[in-house]
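Below is one structure; the comments refer to it alone.
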Amino acid sequence: MSKNIFKILLLFLTLVLFACEKKEDKVSENTESIQTKFPTYTKAEYVMACMASNQNTPEYLHKCSCSIDYIESQMSYDEYINAETLMSLRQIEGEKSLLFKASPNAKEIFTNLQNILAEAEMECF
C-alpha cells in the first residue's frame, strides 16, 4: 500500500514539475515580447529631439513620429539603447573613444543604426 502511495506521489510531483517548466517558458516569452516595444518616454524623447533639430511644426511631429515607429519595427529596444549609447560614446574626443570607433562590433552596431536611420528618413521625410 505504501509503495502505491509513494508511486502516486512521485508521479504527481513529476507532473507538477513539468507544468511549472511550461509556465516559466510562457512567462519568459511574454517578457521578451514586452522588451521589444519602445517605452513611451523613449519615443517622446526621440520625437522632441527630432523636432528640435528641424522645424517645430505639426508636419515634423508626424514625420518624427513615423521615424521612431520605423526604427522600432527594425530593431529591439535593447538594440536601440545599445546603439544610442555607442553613438554617445563615439562623440568623446581623444583616445578614450577609440574602442567605440574602431572595434568591429562597434562598427557593425554603428553601421546598422545609420542604415536604419537612413531608411527611416527615406520612409518618413
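Labels used: A, B, ... for chains in the order of the C-alpha cells, numbers from 1 for residues in each chain, and numbers from 1 for ligands as shown.
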
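Excluding Glu119 of chain A and any residue on its chain fewer than 6 positions from it, the residues at most 12 Å away by only C-alpha atoms are Cys66, Ser67, Ile68, Asp69, Tyr70, Ile71, Ser73, Gln74, Asn112, Leu113 and Phe125 of chain A.
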
Restricted to C-alpha atoms, what would the selected residues look like written as an mmCIF file, in the first residue's frame?
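Okay, part-v1.cif is ready:
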data_model
loop_
_atom_site.group_PDB
_atom_site.id
_atom_site.type_symbol
_atom_site.label_atom_id
_atom_site.label_comp_id
_atom_site.auth_asym_id
_atom_site.auth_seq_id
_atom_site.Cartn_x
_atom_site.Cartn_y
_atom_site.Cartn_z
ATOM 1 C CA CYS A 66 6.860 57.998 -38.203
ATOM 2 C CA SER A 67 10.651 57.794 -37.962
ATOM 3 C CA ILE A 68 10.742 56.340 -34.428
ATOM 4 C CA ASP A 69 7.961 53.908 -35.348
ATOM 5 C CA TYR A 70 10.044 52.726 -38.306
ATOM 6 C CA ILE A 71 13.125 52.332 -36.093
ATOM 7 C CA SER A 73 9.927 47.998 -36.358
ATOM 8 C CA GLN A 74 13.526 47.336 -37.381
ATOM 9 C CA ASN A 112 23.296 49.131 -38.635
ATOM 10 C CA LEU A 113 21.857 52.142 -36.821
ATOM 11 C CA PHE A 125 10.570 62.568 -44.622
#

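On the backbone of this structure, DSSP gives alpha helix (DSSP H) within segment 75-106 of chain A to Tyr77, Asp78, Glu79, Tyr80, Ile81, Asn82, Ala83, Glu84, Thr85, Leu86, Met87, Ser88, Leu89, Arg90, Leu98, Leu99, Phe100, Lys101, Ala102, Pro104, Asn105 and Ala106 of chain A.
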
I need the chosen residues saved as a compact mmCIF listing (two decimals), in the first residue's frame, with C-alpha atoms.
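Okay, result_10.txt is ready:
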# COMPACT_ATOMS: atom_id res chain seq x y z
CA TYR A 77 14.58 48.23 -27.63
CA ASP A 78 17.78 46.71 -26.24
CA GLU A 79 19.50 47.05 -29.63
CA TYR A 80 18.32 50.65 -29.85
CA ILE A 81 19.63 51.52 -26.37
CA ASN A 82 22.98 49.86 -27.15
CA ALA A 83 23.25 51.78 -30.42
CA GLU A 84 22.29 55.11 -28.82
CA THR A 85 24.84 54.55 -26.05
CA LEU A 86 27.51 53.74 -28.62
CA MET A 87 26.62 56.89 -30.59
CA SER A 88 27.07 58.98 -27.42
CA LEU A 89 30.38 57.34 -26.55
CA ARG A 90 31.70 57.86 -30.08
CA LEU A 98 38.87 54.57 -29.97
CA LEU A 99 37.29 51.44 -28.51
CA PHE A 100 33.86 52.72 -29.53
CA LYS A 101 35.02 53.73 -33.02
CA ALA A 102 37.48 51.05 -34.06
CA PRO A 104 34.40 45.50 -35.30
CA ASN A 105 31.36 45.11 -33.04
CA ALA A 106 31.05 48.88 -32.57

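Of note, atom CA of Thr57 of chain A and atom CA of Asn115 of chain A are spaced 25.8 Å apart.
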
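The interatomic distance for the pair atom CA of Ala49 of chain A and atom CA of Cys64 of chain A works out to 9.0 Å.
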
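Separating atom CA of Phe38 of chain A from atom CA of Lys63 of chain A is a distance of 17.5 Å.
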
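Minimum atom-to-atom distance to Thr36 of chain A, evaluated using only C-alpha atoms, belongs to A:Glu72 out of A:Glu108, A:Glu72, A:Glu121, A:Glu95.
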